[in-house]
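Chemist: Please read through the structure below; I'll follow up with questions.
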There are 2 protein chains.
Amino acid sequence: MAKAREISRRQFVASAVSTAALTSLPVRRLFADVAHGAAENGALPPPNAAETDGPNWKDPDWKNQGIENLNKSPHAKLRDIPVRAVTIQSGFWAQRREINVTKSIPTMHDLLEANGRMNNFRRLVGKSQAAQSGPVFSDSDVYKWTEGAGFALQSGDRPDLRAMVDEVVAVQEPGGYLNTYYQDDRKSQRMLTQTQTTGHELYNIGHMLQGAIAYYRATGDRKLLDAGIRFVNDFLMPSYGPAPKQPIVSGHPEIELGLIELYRITGDKRQLDLAGYILGGDERLHLPEHRTIYMYSGTPFTARTKLEGHAVRAMYACCGAADYYLETGDPTYWKTLNALWNDMTTTKMYVTGGVGSRSDGEAFGNAYELPNDRAYGESCAAIGNMMWNWRMLAATGDAKFTDVIERALYNGINSGMSLDGTLYCYRNPLAFDPSTGEKIRNPWYDVTCCPPNLERTFASLPGYFYSTSSDGNYPWDGTMEVTVTPAQPSNFTFYLRIPGWADRAQVAVNGKAMTGAKPGEYLPIRRQWSPGDVIRLQMEMPVQVLQANPQVADDAGRVAVQRGPLVYCLEELDQPEGVAMSDLAVDLGQKPQAQFQSEHKRDLLGGVVVLRHTGVAFDRSASRNALYSRYSGQQVQSRRVPLTFIPYYAWSNRQETSMQVWTPVLNT
Amino acid sequence: MAKAREISRRQFVASAVSTAALTSLPVRRLFADVAHGAAENGALPPPNAAETDGPNWKDPDWKNQGIENLNKSPHAKLRDIPVRAVTIQSGFWAQRREINVTKSIPTMHDLLEANGRMNNFRRLVGKSQAAQSGPVFSDSDVYKWTEGAGFALQSGDRPDLRAMVDEVVAVQEPGGYLNTYYQDDRKSQRMLTQTQTTGHELYNIGHMLQGAIAYYRATGDRKLLDAGIRFVNDFLMPSYGPAPKQPIVSGHPEIELGLIELYRITGDKRQLDLAGYILGGDERLHLPEHRTIYMYSGTPFTARTKLEGHAVRAMYACCGAADYYLETGDPTYWKTLNALWNDMTTTKMYVTGGVGSRSDGEAFGNAYELPNDRAYGESCAAIGNMMWNWRMLAATGDAKFTDVIERALYNGINSGMSLDGTLYCYRNPLAFDPSTGEKIRNPWYDVTCCPPNLERTFASLPGYFYSTSSDGNYPWDGTMEVTVTPAQPSNFTFYLRIPGWADRAQVAVNGKAMTGAKPGEYLPIRRQWSPGDVIRLQMEMPVQVLQANPQVADDAGRVAVQRGPLVYCLEELDQPEGVAMSDLAVDLGQKPQAQFQSEHKRDLLGGVVVLRHTGVAFDRSASRNALYSRYSGQQVQSRRVPLTFIPYYAWSNRQETSMQVWTPVLNT
């Protein structure tokens, strides 16, 4: 792990731009805050716990911490940059983020109020007479919203947030315990084994810590952060942990992430160790196997060999384990994380980056179990997938993780929020039939985990986008420019990401062509960089036709269409009238990639590039009513029809209609 | 409904043979018991309650009652015959039934003992100190076993059964209540609304009634039957029902069937009315919609428009509703039953006759939601499907219902029990990959509803097989003979079933050809019948290649193979070595039906006809590891391989291997 330690602060600036091409949006100020450390060399040691454990200690660096603060993580090859260091001014994600801040976050605030989630807190200080409202994890929805608003604050401001934080902190008990559900008659259930496995007490606190940290990094205000520290240091740590303390289990992994990020602020190694203890499982609880599979916790993380059980839990557990690796470099964790990543990306991930194919248990299915219409693909699980890959990228600098981040973000996460920012998908199917009566986009769910999760993700995006180009139109166009802006001219290696989907990529610095760009890798450009140097990346963006592994029965004889990072789909309303989705096939002839036509439609779905191709509509009127009939071979009548594809993320934003990502294919 | 009333007892004998071709097995005595009534004319009136309600009353006709006693049901066009009237001597079902009686029923008896299910009963009379064992519906497993043994007794004898019945009856409370779960601390939960929706008290009693009736019809012993009557008449009826009585709901439909069959014995119309009340739902309980969908009860049955919710519950509800129609002729029930039947057979039934595609909630899926490897297809649901269609057939004499009975029995039910009779499927998938680690056949389940359900079904089969041929080898061969044996020469119409799958059918009586035989219909043969008259039915039994409705995404580009009533499948171990199931396709060329070779393999799987056809194995080694890759069109290397198909019911009786019913198809 010595290699990671050699990465200098100067290289940090270099690697900070290493996910270029995740977006292409104009940058207002890049490196303004981070470049100040560019002259330093060598990783900083973690802060000393003794220095930081006081209640009034304030990290002077609080403004310079990213989504995760990896500045001092010894096993991170990449350091992230603050959310505030990047401002997304216009274009694809600016549009989505603008809606998030102006529509999603405010309306969710009102819905959390209207559904009694804030009154849960007020009730405990006598400011509300309403009964407890919502499921056991309802506190986390408030915290996730706080985190989303916190990230928004890091880029701007939200004065109403402070009042909400005050209300949350006010109900904390003197011993540090904080939970609005296990009150009154339910007090006796606190921290029982049964409650730990299903009651989400620690899950809620994990989200509280993440919300508190985002808020702290936005405002420097430690109020909520200190409440989290009190829960961890005063309530949890004295009584729970390895023998002779009482055993605990992470019924829904999340506390691990919170504890490690807290450690990154406080330097209190006991918090990291507690996360490690939780990730190791505690045999004293004698949890049944089906439960440890479902929870993806309770047994040693390093003994896992495959992804299974509840998908969000599994993804969050992987995030926590990756965080633990970033701090400890434990090679058994690294081995497990890679085995699980291979399991997921070669057998269990949708082409949209969504994961968790089963609604039963909201779970990972077996290898190659990837149904389309019944896909669960919970928005939260896709977000967890992105968060995990973000940590794997930080550990390695390997662009294969960025490809997964991009796939999930542009498709399986992006689909989770309507274009107007007020409706959310809980599940993200890859095929849909409105005659089932299912309503796929809703403003509120009783289990409303996904909406604020999407909000915090969109609000945090600048922290993921290490660099942006000045004039591109990504993801619609494959040309982008990156302006490098070090505080002063200096020698370092700039790692430029070439997306895995890029057919050909040409790179030029200040107009001079560079060689060696390979899709799916980072191109290292080592030179003396001066303010204003421009990297130009040009990629062909042909339509790609994808097939699934033949072991994916649900995609047999079908293809998916992708252009740049965007996966496309068919919506029935865009196809010739009277043609049913189930009668369609795309006819690729003998040259699969060549015949798509793309057109930028400014007024459609907020502005998208649509794709067109010739297809076939089978005349199946004869077999329409029979469930099973004699095989008719190739005698089915058909006629040629034009097919129109739209980006998957934008589906179900007009009237209800059938949709599918994987379309039957012909080669006539 | 006047038409049904016109059916004479003589016609009863005629219609009693109307499901000919359901089997083809030699008959020892057919009509020996039933023919005694052949001279009577006109349907008998139902017995008068006053005549029969005494505790010592014994129906003199107890030996002459079939699986259901439809002798006096005014809206039954067909009357069934006693189980004892048909003896299956050799051949396909004799073999299965022999195993059932010699292996399945005895080993299940021992397992019920070993798992404490009988001790549940003994505990209440101080004969066991063991704690209550098993889930809330555990009593029903004992009752279902009793019913199976009862049917076996109707054909033979089982002396150990009487002791078991004694133990069950002994624990009945003076007020008529009988349940081993709601005892001690749980007494206070009896008949609470929550208990009614999930506690299976009435479900258990429904199965108790069915078991008691089968036992009564075997032995004339009323002991268990009277216990059932006491529960219904003394406990249930005085306190529960329409206002001002307390409301009840059938949390898992089954009591309806028991009540109506009980009415068919006692003639006590209050029992029929109580079933009608339950089928109508009771608004006073204010059950949430998701619950009434899942339970398929609690709202008016006649307001249902589609099959949904828990599949076994829905099938049993349909059975109860059909029974109610058979007794009342209520046209709204008939309309609903037909709408539901159409919904099932055109959108929600597997080609194996299995139903309930979702493991989540063990539920019906949406229309055309018929996944293969993840098919739930619970054995109990296929049995419910058969039972329902049996009742629809009784109401109409329409052979389309017999086709469904046959499809379910030979395939989706038949697959539920291993060839050796000791292992059972809970779910019956149409594709299977052993690398998932799932064990599909097991001797015991904690929820062990399916095994004794299969046992009672196999034991009752003679009651379903109105006639048998004397020398056929059905289902392997399409020729069979039916010997008609009226007690004396008489004029009546013999309805001969021509299976829906039959390509061509030729019928001869005593060697003289008859015209008019149409597949999927009953051929009426009206003449004077004398003992020894022989009907000969000859059907071509070509291999049929089936396609699914194009709206079934999971079967797109695939075909299933059927021969006679048997659906076939591929098991990987029968295919050329080294060829993976996911690489196979069957190549039907341009003449889909012509190229299969069939071979009777006496030593394979208890003796089966295997089918062979040319197929193709794709060389997918290059794409083996990638989950998504560029579409390779038709450039995949392939080689021709011979494919071997076995009957689906016999799958998973050798070593673990991959299996699939729906195979990709080519026409090269």
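To be explicit about the labels: the chains of the structure tokens are called A, B, and onward in the order shown, and within each one the residues are counted from 1, while ligands get numbers from 1 in the order they are shown.
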Counting only C-alpha atoms, collect the residues of chain A whose closest atom lies at most 8 Å from chain B, and write them out as an MDAnalysis selection string.
Modeler: chainID A and resid 345:347 351 359:360 366:367 436 544:551 553:554 556:557 559 582:583 590 592 620 623:634 667
Chemist: Go ahead and save the residues from that selection, with C-alpha atoms, as a CSV table (one decimal), in the first residue's frame.
Modeler:
chain,number,residue,atom,x,y,z
A,345,THR,CA,-20.9,-6.6,-13.0
A,346,THR,CA,-20.7,-9.9,-14.8
A,347,THR,CA,-24.0,-11.5,-13.6
A,351,VAL,CA,-27.6,-2.4,-18.4
A,359,SER,CA,-39.2,-7.5,-5.6
A,360,ASP,CA,-39.4,-10.4,-3.2
A,366,ASN,CA,-29.4,-15.4,-8.9
A,367,ALA,CA,-26.7,-14.9,-11.5
A,436,THR,CA,-51.1,-3.7,-15.2
A,544,GLN,CA,-24.1,1.0,-29.9
A,545,VAL,CA,-26.2,-2.1,-30.0
A,546,LEU,CA,-25.7,-4.3,-27.0
A,547,GLN,CA,-26.6,-8.0,-26.4
A,548,ALA,CA,-26.8,-9.6,-23.0
A,549,ASN,CA,-24.9,-12.7,-22.0
A,550,PRO,CA,-26.9,-15.7,-23.4
A,551,GLN,CA,-27.4,-16.9,-19.9
A,553,ALA,CA,-32.9,-15.7,-20.5
A,554,ASP,CA,-34.9,-12.5,-20.3
A,556,ALA,CA,-32.5,-13.7,-25.4
A,557,GLY,CA,-33.0,-12.6,-28.9
A,559,VAL,CA,-30.8,-6.0,-28.0
A,582,SER,CA,-45.1,-6.8,-28.1
A,583,ASP,CA,-45.4,-7.0,-31.9
A,590,GLN,CA,-26.4,-7.1,-41.7
A,592,PRO,CA,-25.9,-3.6,-36.8
A,620,ARG,CA,-50.2,-11.3,-34.6
A,623,SER,CA,-52.6,-15.4,-32.1
A,624,ARG,CA,-53.6,-12.4,-30.0
A,625,ASN,CA,-56.1,-14.3,-27.8
A,626,ALA,CA,-54.5,-17.7,-27.4
A,627,LEU,CA,-51.9,-18.2,-24.6
A,628,TYR,CA,-50.4,-21.2,-26.3
A,629,SER,CA,-50.8,-22.2,-30.0
A,630,ARG,CA,-49.1,-24.3,-32.6
A,631,TYR,CA,-45.8,-22.8,-33.6
A,632,SER,CA,-46.1,-20.8,-36.7
A,633,GLY,CA,-42.5,-20.6,-37.6
A,634,GLN,CA,-41.5,-17.7,-39.8
A,667,ASN,CA,-31.3,-9.4,-39.3
Chemist: In Å, with one decimal, what is the gap from atom CA of Met480 of chain B to atom CA of Gln538 of chain B?
Modeler: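 Atom CA of Gln538 of chain B lies at a distance of 6.5 Å from atom CA of Met480 of chain B.
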Chemist: Hey, what does DSSP flag as strand (DSSP E) within segment 439-651 of chain A? Can you give it to me as number ranges by chain?
Modeler: A: 441-442, 479-484, 490-498, 505-509, 512-514, 521-529, 533-539, 543-548, 558-563, 566-571, 584-587, 597-601, 608-618, 628-630, 638-647
Chemist: One decimal, in Å: what's the spacing between atom CA of Thr107 of chain A and atom CA of Glu261 of chain A?
Modeler: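 For atom CA of Thr107 of chain A relative to atom CA of Glu261 of chain A, the distance reads 28.6 Å.
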Chemist: Hey, can you check how far atom CA of Phe231 of chain B sits from atom CA of Gly211 of chain B?
Modeler: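 So the answer is 14.2 Å.
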Chemist: For a quick check of understanding, using only C-alpha atoms, which of A:Met237, A:Ala152, A:Val171, A:Val610 has the smallest distance to Arg217 of chain A?
Modeler: A:Ala152
Chemist: Applying 9 Å and only C-alpha atoms, which residues near Arg456 of chain B remain after dropping the ones on its own chain fewer than 4 positions away? List them as a ChimeraX atom specification.
Modeler: /B:105,144-152,451-452,460-461
Chemist: Restricting the calculation to only C-alpha atoms: of B:Glu540, B:Pro253, B:Ser490, B:Tyr203, which residue gets closest to Asp503 of chain B?
Modeler: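 Closest residue, counting only C-alpha atoms: B:Glu540.
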Chemist: Which residue gives the smallest distance to Pro429 of chain A among A:His286, A:Arg186, A:Arg441, A:Arg612, with only C-alpha atoms counted?
Modeler: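 Result for the nearest residue to Pro429 of chain A: A:Arg441.
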Chemist: Pick out the closest residue to Tyr426 of chain A from this set: A:Glu378, A:Asp403, A:Asp110, A:Asp619. Count only C-alpha atoms.
Modeler: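 Smallest distance to Tyr426 of chain A is found for A:Glu378.
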Chemist: Among segment 376-428 of chain A, which residues carry a DSSP assignment of alpha helix (DSSP H), reported as a list in words?
Modeler: Ser379, Cys380, Ala381, Ala382, Ile383, Gly384, Asn385, Met386, Met387, Trp388, Asn389, Trp390, Arg391, Met392, Leu393, Ala394, Ala395, Thr396, Ala399, Lys400, Phe401, Thr402, Asp403, Val404, Ile405, Glu406 and Arg407 of chain A
Chemist: Write to file, as an mmCIF file, in the first residue's frame, the residues of the selection just made, with N, CA and C atoms.
Modeler:
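result-v2.cif, freshly written:
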data_model
loop_
_atom_site.group_PDB
_atom_site.id
_atom_site.type_symbol
_atom_site.label_atom_id
_atom_site.label_comp_id
_atom_site.auth_asym_id
_atom_site.auth_seq_id
_atom_site.Cartn_x
_atom_site.Cartn_y
_atom_site.Cartn_z
ATOM 1 N N SER A 379 -34.327 2.589 -6.859
ATOM 2 C CA SER A 379 -33.490 3.773 -7.039
ATOM 3 C C SER A 379 -32.378 3.804 -6.000
ATOM 4 N N CYS A 380 -32.698 3.487 -4.754
ATOM 5 C CA CYS A 380 -31.697 3.514 -3.687
ATOM 6 C C CYS A 380 -30.559 2.527 -3.962
ATOM 7 N N ALA A 381 -30.867 1.396 -4.583
ATOM 8 C CA ALA A 381 -29.831 0.401 -4.847
ATOM 9 C C ALA A 381 -28.890 0.898 -5.943
ATOM 10 N N ALA A 382 -29.430 1.564 -6.960
ATOM 11 C CA ALA A 382 -28.572 2.129 -8.007
ATOM 12 C C ALA A 382 -27.676 3.212 -7.419
ATOM 13 N N ILE A 383 -28.232 3.983 -6.504
ATOM 14 C CA ILE A 383 -27.433 5.009 -5.818
ATOM 15 C C ILE A 383 -26.328 4.338 -4.996
ATOM 16 N N GLY A 384 -26.684 3.275 -4.306
ATOM 17 C CA GLY A 384 -25.682 2.531 -3.537
ATOM 18 C C GLY A 384 -24.589 1.981 -4.441
ATOM 19 N N ASN A 385 -24.978 1.526 -5.611
ATOM 20 C CA ASN A 385 -24.015 1.018 -6.584
ATOM 21 C C ASN A 385 -23.032 2.119 -6.995
ATOM 22 N N MET A 386 -23.577 3.295 -7.271
ATOM 23 C CA MET A 386 -22.715 4.429 -7.640
ATOM 24 C C MET A 386 -21.780 4.796 -6.482
ATOM 25 N N MET A 387 -22.326 4.848 -5.274
ATOM 26 C CA MET A 387 -21.510 5.214 -4.107
ATOM 27 C C MET A 387 -20.378 4.208 -3.884
ATOM 28 N N TRP A 388 -20.705 2.934 -4.087
ATOM 29 C CA TRP A 388 -19.683 1.892 -3.895
ATOM 30 C C TRP A 388 -18.579 2.033 -4.940
ATOM 31 N N ASN A 389 -18.994 2.201 -6.220
ATOM 32 C CA ASN A 389 -17.992 2.315 -7.275
ATOM 33 C C ASN A 389 -17.138 3.571 -7.118
ATOM 34 N N TRP A 390 -17.740 4.595 -6.578
ATOM 35 C CA TRP A 390 -16.996 5.823 -6.281
ATOM 36 C C TRP A 390 -15.843 5.528 -5.303
ATOM 37 N N ARG A 391 -16.117 4.703 -4.323
ATOM 38 C CA ARG A 391 -15.088 4.335 -3.341
ATOM 39 C C ARG A 391 -14.033 3.401 -3.962
ATOM 40 N N MET A 392 -14.490 2.506 -4.841
ATOM 41 C CA MET A 392 -13.544 1.610 -5.517
ATOM 42 C C MET A 392 -12.629 2.422 -6.445
ATOM 43 N N LEU A 393 -13.208 3.415 -7.085
ATOM 44 C CA LEU A 393 -12.410 4.312 -7.927
ATOM 45 C C LEU A 393 -11.380 5.059 -7.087
ATOM 46 N N ALA A 394 -11.799 5.546 -5.945
ATOM 47 C CA ALA A 394 -10.877 6.282 -5.070
ATOM 48 C C ALA A 394 -9.712 5.385 -4.659
ATOM 49 N N ALA A 395 -10.004 4.100 -4.496
ATOM 50 C CA ALA A 395 -8.957 3.178 -4.042
ATOM 51 C C ALA A 395 -7.972 2.822 -5.140
ATOM 52 N N THR A 396 -8.374 2.990 -6.391
ATOM 53 C CA THR A 396 -7.571 2.448 -7.485
ATOM 54 C C THR A 396 -7.254 3.430 -8.600
ATOM 55 N N ALA A 399 -10.526 3.170 -14.271
ATOM 56 C CA ALA A 399 -11.676 3.742 -14.960
ATOM 57 C C ALA A 399 -12.839 2.775 -15.111
ATOM 58 N N LYS A 400 -12.612 1.491 -14.855
ATOM 59 C CA LYS A 400 -13.747 0.566 -14.993
ATOM 60 C C LYS A 400 -14.819 0.875 -13.949
ATOM 61 N N PHE A 401 -14.392 1.419 -12.822
ATOM 62 C CA PHE A 401 -15.381 1.794 -11.813
ATOM 63 C C PHE A 401 -16.152 3.049 -12.246
ATOM 64 N N THR A 402 -15.446 3.948 -12.925
ATOM 65 C CA THR A 402 -16.118 5.152 -13.428
ATOM 66 C C THR A 402 -17.168 4.787 -14.463
ATOM 67 N N ASP A 403 -16.880 3.774 -15.267
ATOM 68 C CA ASP A 403 -17.873 3.339 -16.252
ATOM 69 C C ASP A 403 -19.163 2.881 -15.567
ATOM 70 N N VAL A 404 -19.036 2.203 -14.444
ATOM 71 C CA VAL A 404 -20.243 1.765 -13.724
ATOM 72 C C VAL A 404 -20.955 2.963 -13.091
ATOM 73 N N ILE A 405 -20.164 3.884 -12.520
ATOM 74 C CA ILE A 405 -20.773 5.101 -11.951
ATOM 75 C C ILE A 405 -21.606 5.802 -13.018
ATOM 76 N N GLU A 406 -20.986 5.949 -14.193
ATOM 77 C CA GLU A 406 -21.659 6.666 -15.270
ATOM 78 C C GLU A 406 -22.924 5.934 -15.719
ATOM 79 N N ARG A 407 -22.816 4.598 -15.849
ATOM 80 C CA ARG A 407 -23.960 3.805 -16.293
ATOM 81 C C ARG A 407 -25.122 3.951 -15.301
#
Chemist: Compile the contact shell of Leu225 of chain A as a tab-separated table (two decimals) with N, CA, C and O atoms, in the first residue's frame: residues with an atom at most 7 Å away, counting only C-alpha atoms, same-chain residues fewer than 2 positions apart removed.
Modeler:
chain	number	residue	atom	x	y	z
A	209	LEU	N	-25.63	10.95	10.63
A	209	LEU	CA	-24.23	11.36	10.53
A	209	LEU	C	-23.93	11.92	9.15
A	209	LEU	O	-23.29	12.97	9.01
A	212	ALA	N	-25.56	15.24	8.88
A	212	ALA	CA	-24.86	16.20	9.74
A	212	ALA	C	-23.55	16.65	9.10
A	212	ALA	O	-23.19	17.83	9.15
A	213	ILE	N	-22.87	15.70	8.47
A	213	ILE	CA	-21.56	16.02	7.88
A	213	ILE	C	-21.75	16.92	6.66
A	213	ILE	O	-21.00	17.88	6.46
A	216	TYR	N	-22.50	20.25	8.02
A	216	TYR	CA	-21.29	20.82	8.61
A	216	TYR	C	-20.35	21.35	7.52
A	216	TYR	O	-19.80	22.45	7.63
A	222	ARG	N	-21.58	22.76	13.76
A	222	ARG	CA	-21.37	21.41	14.28
A	222	ARG	C	-22.56	20.87	15.04
A	222	ARG	O	-22.49	19.78	15.64
A	223	LYS	N	-23.66	21.60	15.09
A	223	LYS	CA	-24.75	21.22	15.99
A	223	LYS	C	-25.22	19.77	15.77
A	223	LYS	O	-25.25	18.96	16.68
A	227	ALA	N	-24.37	16.14	17.76
A	227	ALA	CA	-25.42	15.20	18.21
A	227	ALA	C	-25.07	13.79	17.77
A	227	ALA	O	-25.24	12.81	18.52
A	228	GLY	N	-24.55	13.67	16.54
A	228	GLY	CA	-24.12	12.36	16.06
A	228	GLY	C	-22.97	11.82	16.88
A	228	GLY	O	-22.93	10.64	17.24
A	229	ILE	N	-22.02	12.68	17.19
A	229	ILE	CA	-20.87	12.25	18.00
A	229	ILE	C	-21.35	11.79	19.38
A	229	ILE	O	-20.87	10.79	19.92
